[in-house]
>>> print(open('model34.csv').read())   # CSV, C-alpha atoms
chain,number,residue,atom,x,y,z
A,114,MET,CA,-3.5,53.1,43.6
A,115,ASN,CA,-3.8,50.8,46.6
A,116,ASN,CA,-0.4,50.4,48.3
A,117,ILE,CA,-0.8,46.6,48.6
A,118,SER,CA,1.4,44.8,46.0
A,119,CYS,CA,3.1,41.5,45.6
A,120,ASN,CA,6.8,40.7,45.0
A,121,VAL,CA,7.8,37.7,42.9
A,122,SER,CA,11.4,36.4,42.5
A,123,LEU,CA,12.5,36.0,38.9
A,124,SER,CA,14.3,32.7,39.0
A,125,LEU,CA,16.9,31.3,36.6
A,126,GLU,CA,14.1,29.3,35.1
A,127,ALA,CA,12.2,32.5,34.3
A,128,HIS,CA,15.2,34.0,32.6
A,129,ALA,CA,16.0,30.8,30.7
A,130,ARG,CA,12.5,30.7,29.3
A,131,ALA,CA,12.7,34.4,28.4
A,132,LYS,CA,16.0,33.8,26.6
A,133,ARG,CA,14.6,30.9,24.8
A,134,PHE,CA,11.8,33.0,23.3
A,135,GLN,CA,14.1,35.9,22.7
A,136,ARG,CA,16.3,33.8,20.4
A,137,TYR,CA,13.4,33.6,17.9
A,138,HIS,CA,13.8,37.3,17.1
A,139,THR,CA,16.7,39.0,15.4
A,140,ASN,CA,15.4,42.5,15.8
A,141,PRO,CA,17.0,43.8,19.1
A,142,GLN,CA,13.9,45.9,20.1
A,143,LYS,CA,11.5,43.0,19.5
A,144,ALA,CA,13.9,40.6,21.3
A,145,LYS,CA,13.9,42.9,24.4
A,146,GLN,CA,10.1,43.2,24.2
A,147,VAL,CA,9.6,39.5,24.2
A,148,TYR,CA,12.1,39.0,27.0
A,149,LEU,CA,10.3,41.5,29.3
A,150,ASN,CA,6.9,40.2,28.3
A,151,THR,CA,7.9,36.6,29.2
A,152,LEU,CA,9.2,37.7,32.6
A,153,ALA,CA,5.9,39.6,33.3
A,154,VAL,CA,3.8,36.5,32.4
A,155,TYR,CA,6.1,34.3,34.5
A,156,ALA,CA,5.5,36.6,37.6
A,157,VAL,CA,1.7,36.6,37.2
A,158,ASP,CA,1.6,32.9,36.4
A,159,ASN,CA,3.6,32.2,39.7
A,160,TYR,CA,1.3,34.5,41.7
A,161,LEU,CA,-2.0,33.0,40.4
A,162,GLN,CA,-0.8,29.5,41.0
A,163,CYS,CA,0.0,30.4,44.5
A,164,GLN,CA,-3.6,31.8,44.8
A,165,GLY,CA,-5.0,28.4,43.7
A,166,PHE,CA,-5.7,29.2,40.0
A,167,GLU,CA,-4.9,26.7,37.3
A,168,THR,CA,-3.1,28.4,34.4
A,169,ASP,CA,-2.1,27.3,30.9
A,170,TRP,CA,0.8,29.3,29.7
A,171,VAL,CA,1.5,26.8,26.9
A,172,ALA,CA,-2.0,27.5,25.4
A,173,SER,CA,-1.4,31.3,25.6
A,174,ASP,CA,-0.5,33.2,22.4
A,175,SER,CA,2.4,34.8,24.2
A,176,THR,CA,4.4,31.5,23.9
A,177,HIS,CA,4.0,31.4,20.1
A,178,PRO,CA,6.9,33.0,18.1
A,179,VAL,CA,4.6,34.1,15.3
A,180,PHE,CA,2.3,36.0,17.7
A,181,GLN,CA,5.3,37.4,19.5
A,182,ALA,CA,6.6,38.7,16.2
A,183,LEU,CA,3.4,40.2,15.0
A,184,MET,CA,2.1,41.7,18.3
A,185,ASP,CA,3.3,43.1,21.6
A,186,ILE,CA,1.6,40.4,23.6
A,187,ALA,CA,1.9,39.0,27.1
A,188,ASP,CA,-1.3,37.0,27.7
A,189,LEU,CA,-1.8,34.2,30.2
A,190,LYS,CA,-4.7,31.7,30.0
A,191,VAL,CA,-6.4,31.0,33.3
A,192,LYS,CA,-8.6,27.9,33.4
A,193,ASP,CA,-12.3,28.6,33.5
A,194,CYS,CA,-11.7,32.4,33.6
A,195,GLY,CA,-10.2,33.4,30.3
A,196,LYS,CA,-7.1,35.4,29.5
A,197,ILE,CA,-5.4,38.2,31.4
A,198,GLU,CA,-2.7,40.5,30.1
A,199,CYS,CA,0.6,40.8,32.0
A,200,ARG,CA,2.2,44.1,31.1
A,201,PRO,CA,5.8,45.0,32.1
A,202,VAL,CA,6.5,48.3,33.7
A,203,LEU,CA,10.1,49.6,33.8
A,204,PRO,CA,11.7,50.8,37.0
A,205,ASN,CA,10.7,54.3,38.1
A,206,SER,CA,7.9,54.5,35.5
A,207,ASP,CA,4.5,55.9,36.6
A,208,LYS,CA,2.6,54.7,33.5
A,209,LEU,CA,1.2,51.4,32.3
A,210,TYR,CA,1.4,50.9,28.5
A,211,ILE,CA,-1.2,48.5,27.0
A,212,PRO,CA,-0.9,48.0,23.2
A,213,PRO,CA,-4.1,48.5,21.3
A,214,GLU,CA,-3.9,45.0,19.8
A,215,VAL,CA,-4.5,43.4,23.1
A,216,TRP,CA,-7.2,45.6,24.6
A,217,ALA,CA,-9.1,46.0,21.4
A,218,GLU,CA,-9.0,42.4,20.2
A,219,ILE,CA,-12.6,41.5,19.4
A,220,GLY,CA,-13.8,38.1,20.6
A,221,ASP,CA,-10.8,37.6,22.8
A,222,GLU,CA,-11.2,40.2,25.5
A,223,ARG,CA,-8.9,40.1,28.5
A,224,ARG,CA,-10.4,39.6,32.0
A,225,GLY,CA,-7.8,42.0,33.4
A,226,TYR,CA,-4.5,43.8,32.8
A,227,VAL,CA,-1.9,43.4,35.4
A,228,ALA,CA,1.0,45.8,35.9
A,229,VAL,CA,4.3,44.1,36.6
A,230,GLN,CA,7.2,46.3,37.5
A,231,PHE,CA,10.8,45.0,37.5
A,232,THR,CA,13.8,46.0,39.5
A,233,GLU,CA,16.9,47.2,37.6
A,234,SER,CA,18.6,43.9,38.0
A,235,LEU,CA,15.5,42.0,36.7
A,236,ARG,CA,15.8,39.7,39.7
A,237,GLU,CA,12.4,40.6,41.1
A,238,ALA,CA,9.1,41.7,39.9
A,239,THR,CA,6.3,43.5,41.7
A,240,LEU,CA,2.7,43.1,40.8
A,241,LEU,CA,1.5,46.6,41.4
A,242,GLY,CA,-2.2,46.0,40.6
A,243,PHE,CA,-4.6,45.6,37.7
A,244,VAL,CA,-7.5,47.1,35.8
A,245,ASP,CA,-10.6,45.2,34.4
A,246,LYS,CA,-10.9,47.2,31.2
A,247,VAL,CA,-8.9,49.8,29.3
A,248,GLU,CA,-9.8,52.3,26.6
A,249,ALA,CA,-6.5,53.9,26.0
A,250,GLU,CA,-2.9,52.8,25.4
A,251,GLU,CA,-1.6,54.4,28.6
A,252,LEU,CA,-3.0,54.9,32.1
A,253,SER,CA,-1.5,56.1,35.4
A,254,LEU,CA,-0.4,53.5,37.9
A,255,SER,CA,-2.5,55.4,40.4
A,256,GLU,CA,-5.6,54.1,38.6
A,257,LEU,CA,-4.8,50.5,39.4
A,258,GLN,CA,-6.9,48.3,41.7
A,259,SER,CA,-5.1,46.3,44.4
A,260,ILE,CA,-3.6,43.1,43.2
A,261,GLU,CA,-5.5,41.4,46.1
A,262,GLN,CA,-8.7,42.1,44.1
A,263,LEU,CA,-7.6,40.2,41.1
A,264,SER,CA,-8.5,36.8,42.6
A,265,LYS,CA,-12.0,38.1,43.5
A,266,SER,CA,-12.4,39.4,39.9
A,267,LEU,CA,-11.3,36.2,38.3
A,268,ASN,CA,-13.5,34.1,40.6
A,269,GLN,CA,-16.5,35.8,39.2
A,270,TYR,CA,-15.7,34.4,35.8
A,271,ARG,CA,-14.8,31.0,37.2
A,272,GLU,CA,-18.2,30.7,38.9
A,273,LEU,CA,-19.9,31.3,35.5
A,274,ALA,CA,-17.6,29.0,33.6
A,275,PRO,CA,-19.0,25.7,32.2
A,276,GLU,CA,-17.5,22.4,33.3
A,277,SER,CA,-14.6,21.0,31.3
A,278,THR,CA,-15.5,19.8,27.8
A,279,THR,CA,-16.2,16.1,27.4
A,280,VAL,CA,-16.4,14.7,23.9
A,281,ASN,CA,-19.5,12.6,23.4
A,282,LEU,CA,-18.4,9.7,21.1
A,283,GLY,CA,-22.0,8.6,20.6
A,284,LYS,CA,-22.6,11.7,18.5
A,285,TRP,CA,-19.9,10.8,16.1
A,286,PHE,CA,-22.3,8.2,14.6
A,287,GLN,CA,-24.5,11.2,13.7
A,288,GLU,CA,-21.5,13.0,12.1
A,289,VAL,CA,-21.6,15.5,15.0
A,290,PHE,CA,-18.1,16.3,16.2
A,291,ALA,CA,-17.2,18.6,19.2
A,292,LYS,CA,-15.2,21.8,18.7
A,293,GLY,CA,-11.7,21.1,17.6
A,294,TRP,CA,-12.5,17.6,16.2
A,295,GLN,CA,-12.9,16.7,12.6
A,296,SER,CA,-14.2,13.6,10.7
A,297,VAL,CA,-11.2,11.8,9.2
A,298,ASN,CA,-13.2,10.9,6.1
A,299,SER,CA,-13.5,14.6,5.3
A,300,LEU,CA,-9.7,14.8,5.1
A,301,PHE,CA,-9.8,12.4,2.2
A,302,GLU,CA,-12.5,14.1,0.2
A,303,GLN,CA,-11.1,16.7,-2.3
A,304,GLU,CA,-14.3,18.5,-2.7
A,305,ARG,CA,-14.5,19.3,1.0
A,306,GLN,CA,-11.0,20.8,1.4
A,307,GLU,CA,-12.2,24.4,1.1
A,308,LEU,CA,-14.9,24.1,3.8
A,309,ALA,CA,-14.6,26.5,6.7
A,310,PHE,CA,-13.8,24.4,9.7
A,311,ARG,CA,-15.7,25.3,12.9
A,312,ASP,CA,-12.6,26.0,15.0
A,313,ARG,CA,-10.3,28.8,14.1
A,314,GLN,CA,-7.2,27.2,15.3
A,315,LEU,CA,-8.1,23.8,13.7
A,316,ASN,CA,-8.9,25.7,10.5
A,317,SER,CA,-5.4,27.2,10.0
A,318,ALA,CA,-3.6,24.1,11.2
A,319,LEU,CA,-5.6,21.6,9.1
A,320,ARG,CA,-5.2,23.8,6.0
A,321,GLY,CA,-1.5,23.7,6.5
A,322,ASN,CA,-1.3,19.9,7.2
A,323,LEU,CA,-4.2,18.6,5.2
A,324,GLN,CA,-2.1,17.0,2.4
A,325,LEU,CA,0.4,15.6,4.9
A,326,LEU,CA,-2.3,14.0,6.9
A,327,ARG,CA,-4.0,12.6,3.7
A,328,GLU,CA,-0.6,11.1,2.7
A,329,ASN,CA,0.1,9.6,6.1
A,330,ALA,CA,0.7,5.9,5.5
A,331,VAL,CA,-0.4,4.8,9.0
A,332,LEU,CA,-3.7,6.7,8.6
A,333,LYS,CA,-4.3,5.2,5.1
A,334,LYS,CA,-3.7,1.7,6.4
A,335,ASP,CA,-6.1,2.3,9.3
A,336,LEU,CA,-8.8,3.6,6.9
A,337,ASN,CA,-8.4,0.6,4.6
A,338,SER,CA,-8.3,-1.9,7.5
A,339,SER,CA,-11.0,-4.6,7.7
A,340,GLU,CA,-11.2,-4.2,11.5
A,341,PRO,CA,-14.6,-2.8,12.5
A,342,ILE,CA,-13.7,0.8,13.3
A,343,PRO,CA,-16.3,2.6,11.1
A,344,VAL,CA,-16.1,6.1,12.7
A,345,ARG,CA,-13.0,8.1,13.1
A,346,GLY,CA,-12.3,11.6,14.4
A,347,ILE,CA,-9.0,13.5,14.5
A,348,LYS,CA,-7.7,16.5,16.4
A,349,LEU,CA,-4.5,18.5,16.2
A,350,LEU,CA,-2.8,19.1,19.5
A,351,ASP,CA,-0.3,21.8,20.1
A,352,VAL,CA,2.5,20.4,22.3
A,353,GLY,CA,3.6,23.9,22.9
A,354,MET,CA,7.0,25.0,24.0
A,355,GLU,CA,8.5,21.5,24.0
A,356,LEU,CA,8.2,21.3,20.2
A,357,GLU,CA,8.3,25.0,19.2
A,358,HIS,CA,4.6,24.9,18.7
A,359,GLU,CA,4.5,22.0,16.3
A,360,SER,CA,1.4,19.8,16.4
A,361,VAL,CA,0.7,16.1,16.7
A,362,ALA,CA,-2.6,14.5,15.6
A,363,MET,CA,-4.8,12.4,17.9
A,364,LEU,CA,-6.8,9.8,15.9
A,365,VAL,CA,-9.7,8.1,17.7
A,366,GLY,CA,-11.6,5.3,16.1
A,367,ILE,CA,-14.8,3.8,17.5
A,368,ALA,CA,-17.1,0.9,16.6
A,369,GLN,CA,-20.4,-0.3,18.1
A,370,GLU,CA,-20.2,-3.7,19.7
A,371,LYS,CA,-22.5,-6.1,21.4
A,372,GLU,CA,-23.6,-5.9,25.1
A,373,GLU,CA,-24.0,-2.1,24.9
A,374,LYS,CA,-20.3,-1.5,24.6
A,375,MET,CA,-18.1,0.6,22.2
A,376,GLY,CA,-14.7,-0.5,20.8
A,377,VAL,CA,-12.1,2.3,20.9
A,378,ARG,CA,-8.7,2.7,19.4
A,379,VAL,CA,-6.5,5.8,20.0
A,380,ARG,CA,-3.4,6.7,18.0
A,381,LEU,CA,-1.0,9.6,17.9
A,382,LEU,CA,0.5,10.6,14.5
A,383,PRO,CA,3.0,13.3,13.4
A,384,THR,CA,2.1,16.3,11.4
A,385,GLU,CA,3.8,19.4,10.1
A,386,GLU,CA,7.3,18.7,8.6
A,387,ARG,CA,8.0,15.8,10.9
A,388,SER,CA,8.1,12.2,9.6
A,389,TYR,CA,8.3,10.9,13.2
A,390,LEU,CA,6.8,11.7,16.5
A,391,PRO,CA,9.0,13.5,19.0
A,392,GLN,CA,10.9,11.0,21.1
A,393,ASP,CA,9.5,10.3,24.6
A,394,ILE,CA,6.0,11.7,23.8
A,395,LYS,CA,3.6,9.7,25.8
A,396,LEU,CA,0.0,8.6,25.2
A,397,SER,CA,-2.0,7.4,28.3
A,398,LEU,CA,-5.4,6.0,29.0
A,399,LEU,CA,-7.0,7.2,32.2
A,400,SER,CA,-10.1,5.9,34.0
A,401,SER,CA,-12.9,8.2,35.2
A,402,SER,CA,-11.0,8.4,38.5
A,403,ASN,CA,-7.7,9.4,36.8
A,404,ASP,CA,-6.0,6.0,37.3
A,405,ILE,CA,-3.6,5.1,34.5
A,406,LEU,CA,-4.9,2.0,32.6
A,407,GLN,CA,-2.3,1.8,29.9
A,408,GLU,CA,0.4,3.9,28.3
A,409,SER,CA,2.5,4.0,25.1
A,410,GLN,CA,5.7,6.1,24.7
A,411,ALA,CA,7.4,7.0,21.4
A,412,ARG,CA,11.0,5.8,20.8
A,413,ASP,CA,13.4,7.3,18.4
A,414,ARG,CA,11.9,7.5,14.8
A,415,ASP,CA,8.4,6.2,15.7
A,416,ASN,CA,5.9,7.3,13.1
A,417,MET,CA,3.0,6.3,15.3
A,418,ILE,CA,2.1,5.2,18.8
A,419,GLN,CA,-1.2,3.7,19.9
A,420,LEU,CA,-3.1,2.3,22.9
A,421,LYS,CA,-4.3,-1.2,22.9
A,422,ARG,CA,-7.8,-1.5,21.6
A,423,PHE,CA,-10.3,-1.3,24.5
A,424,THR,CA,-14.0,-1.3,25.1
A,425,CYS,CA,-16.1,1.2,27.0
A,426,PRO,CA,-19.6,0.5,28.3
A,427,MET,CA,-22.3,3.0,27.4
A,428,GLY,CA,-22.7,5.7,30.0
A,429,GLU,CA,-19.1,5.4,31.1
A,430,SER,CA,-16.2,7.9,30.6
A,431,PHE,CA,-12.5,7.9,30.1
A,432,SER,CA,-9.6,10.3,29.3
A,433,VAL,CA,-6.6,10.2,27.0
A,434,ARG,CA,-3.5,12.2,28.0
A,435,VAL,CA,-0.7,13.3,25.8
A,436,SER,CA,2.5,14.5,27.6
A,437,LEU,CA,5.9,15.7,26.5
A,438,GLY,CA,8.2,17.3,29.0
A,439,GLU,CA,6.3,19.9,31.0
A,440,CYS,CA,3.4,19.9,28.5
A,441,THR,CA,0.3,17.8,29.3
A,442,LEU,CA,-2.9,17.8,27.3
A,443,THR,CA,-5.9,15.8,28.3
A,444,GLU,CA,-9.0,14.9,26.2
A,445,ASN,CA,-12.1,13.7,28.1
A,446,PHE,CA,-14.5,11.3,26.4
A,447,ALA,CA,-17.9,9.8,27.3
A,448,ILE,CA,-20.6,7.8,25.5
A,449,ASP,CA,-24.1,8.9,25.8
A,450,PRO,CA,-26.4,5.8,25.8
A,451,ILE,CA,-29.3,7.7,24.1
A,452,SER,CA,-27.4,9.1,21.2
A,453,PHE,CA,-25.6,5.8,20.7
A,454,GLU,CA,-28.9,3.8,20.5
A,455,LYS,CA,-30.2,6.0,17.8
A,456,ASN,CA,-27.5,4.8,15.5
A,457,GLU,CA,-28.2,1.1,15.8
>>> encode(input="model34.csv", output="structure tokens")
Amino acid sequence: MNNISCNVSLSLEAHARAKRFQRYHTNPQKAKQVYLNTLAVYAVDNYLQCQGFETDWVASDSTHPVFQALMDIADLKVKDCGKIECRPVLPNSDKLYIPPEVWAEIGDERRGYVAVQFTESLREATLLGFVDKVEAEELSLSELQSIEQLSKSLNQYRELAPESTTVNLGKWFQEVFAKGWQSVNSLFEQERQELAFRDRQLNSALRGNLQLLRENAVLKKDLNSSEPIPVRGIKLLDVGMELEHESVAMLVGIAQEKEEKMGVRVRLLPTEERSYLPQDIKLSLLSSSNDILQESQARDRDNMIQLKRFTCPMGESFSVRVSLGECTLTENFAIDPISFEKNE
């Protein structure tokens, strides 16, 4: 093993987050596992952000109580790179343990496995190094590459990564929806309930919330409105740790208008067991240069918030941001003039 390593202080924030996840689990062994895994992810997350990488811990499976209960998991999503696994190493140990469920997961392979060793007091963590691939549950710490090489390894994936996804609203007129989005009309057609949705996460979430969405009074009113919004798409958004992984639904309605423009309406609706949106959740419209054009924020017991109806010229783009506490999710939209014209 290369002697170069990196020390990360485990702050009160790190321990508070670990305790928060720990409380979901009554089994002492599982609770301890989740606590240490959370500290390991915190240390790697802190290191990578200092190295200039954008991480998304909220979107990682390691923050989800269900995955925590079913697996020994400590993954961290790195934007444009994929996932890395952050494995805790106890003091004085000379082995790195990597559970089979995280190194043999088909279709969700890790970009690397980082060894994170704690001090006895759990006040500091040392990133000992990493490996690109594993084929066994244990390996010697002497086999690790230097942690300095992790950035270089991840940058190889970042250079190959596609640009961030932009939803082409023009294609909705052709009933072509981007990954994660679903036609609203399909939610109200009984014979289509058993269709396999294209996105795995959307599949499980929509199956659990289909009836609730179909009974949503705001959504029904919007569908029955005489206002010219003929095409609607919906997407479930996981607002992560702020809501214990409950979801909200973003509803986007579009209508072709004169002078090569599109009318757009954006709404945010509750799902799951909630009758109301979480208080203070915010819906924002951003320009192509990320300037805030308008915002709407939920008050106590709001069952819907929306942006004022706006128009977007063909060929232009905009973004819609949903934020709650530390969690921020942004959807990027554009309208392709060619695909739009085909539906006139």
>>> atom_distance(input="model34.csv", atom1="CA of Leu252 (chain A)", atom2="CA of Leu240 (chain A)")
15.7 Å
>>> closest_residue(input="model34.csv", among="A:Asn416, A:Ser401, A:Asn268, A:Asn281", to="Leu161 (chain A)", atoms="all atoms listed in the file")
A:Asn268
>>> closest_residue(input="model34.csv", among="A:Leu235, A:Val179, A:Ala447, A:Ala129", to="Thr278 (chain A)", atoms="all atoms listed in the file")
A:Ala447
>>> closest_residue(input="model34.csv", among="A:Glu167, A:Ser296, A:Ser118, A:Thr176", to="Arg130 (chain A)", atoms="only C-alpha atoms")
A:Thr176
>>> residues_around(input="model34.csv", residues="Met375 (chain A)", least_positions_apart="4", cutoff="9 Å", atoms="all atoms listed in the file", output="number ranges by chain")
A: 367-371, 423-427, 448
>>> residues_around(input="model34.csv", residues="Asn445 (chain A)", least_positions_apart="4", cutoff="12 Å", atoms="all atoms listed in the file", output="list in words")
Glu276, Ser277, Thr278, Thr279, Val280, Asn281, Leu282, Ala291, Ser397, Leu398, Leu399, Ser400, Ser401, Ser402, Asn403, Glu429, Ser430, Phe431, Ser432, Val433, Arg434 and Val435 of chain A
>>> closest_residue(input="model34.csv", among="A:Leu437, A:Leu267, A:Leu254, A:Val171", to="Asp193 (chain A)", atoms="only C-alpha atoms")
A:Leu267
>>> residues_near_point(input="model34.csv", point="(11.5, 38.1, 39.6)", cutoff="10 Å", atoms="only C-alpha atoms", output="VMD selection string")
chain A and resid 120 to 125 127 to 128 152 to 153 155 to 156 159 229 to 232 234 to 239
>>> residues_near_point(input="model34.csv", point="(11.7, 37.1, 21.7)", cutoff="8 Å", atoms="all atoms listed in the file", output="list in words")
Ala131, Lys132, Arg133, Phe134, Gln135, Arg136, Tyr137, His138, Lys143, Ala144, Lys145, Gln146, Val147, Tyr148, Pro178, Gln181 and Ala182 of chain A
>>> write_last_selection(input="model34.csv", atoms="C-alpha atoms", output="PDB file, in the frame of the given file")
ATOM      1  CA  ALA A 131      12.700  34.400  28.400  1.00  0.00           C
ATOM      2  CA  LYS A 132      16.000  33.800  26.600  1.00  0.00           C
ATOM      3  CA  ARG A 133      14.600  30.900  24.800  1.00  0.00           C
ATOM      4  CA  PHE A 134      11.800  33.000  23.300  1.00  0.00           C
ATOM      5  CA  GLN A 135      14.100  35.900  22.700  1.00  0.00           C
ATOM      6  CA  ARG A 136      16.300  33.800  20.400  1.00  0.00           C
ATOM      7  CA  TYR A 137      13.400  33.600  17.900  1.00  0.00           C
ATOM      8  CA  HIS A 138      13.800  37.300  17.100  1.00  0.00           C
ATOM      9  CA  LYS A 143      11.500  43.000  19.500  1.00  0.00           C
ATOM     10  CA  ALA A 144      13.900  40.600  21.300  1.00  0.00           C
ATOM     11  CA  LYS A 145      13.900  42.900  24.400  1.00  0.00           C
ATOM     12  CA  GLN A 146      10.100  43.200  24.200  1.00  0.00           C
ATOM     13  CA  VAL A 147       9.600  39.500  24.200  1.00  0.00           C
ATOM     14  CA  TYR A 148      12.100  39.000  27.000  1.00  0.00           C
ATOM     15  CA  PRO A 178       6.900  33.000  18.100  1.00  0.00           C
ATOM     16  CA  GLN A 181       5.300  37.400  19.500  1.00  0.00           C
ATOM     17  CA  ALA A 182       6.600  38.700  16.200  1.00  0.00           C
TER      18      ALA A 182
END
>>> atom_distance(input="model34.csv", atom1="CA of Ser266 (chain A)", atom2="CA of Cys194 (chain A)")
9.4 Å
>>> atom_distance(input="model34.csv", atom1="CA of Leu350 (chain A)", atom2="CA of Gly293 (chain A)")
9.3 Å
>>> closest_residue(input="model34.csv", among="A:Ser264, A:Thr151, A:Ser388, A:Asn205", to="Cys163 (chain A)", atoms="only C-alpha atoms")
A:Ser264
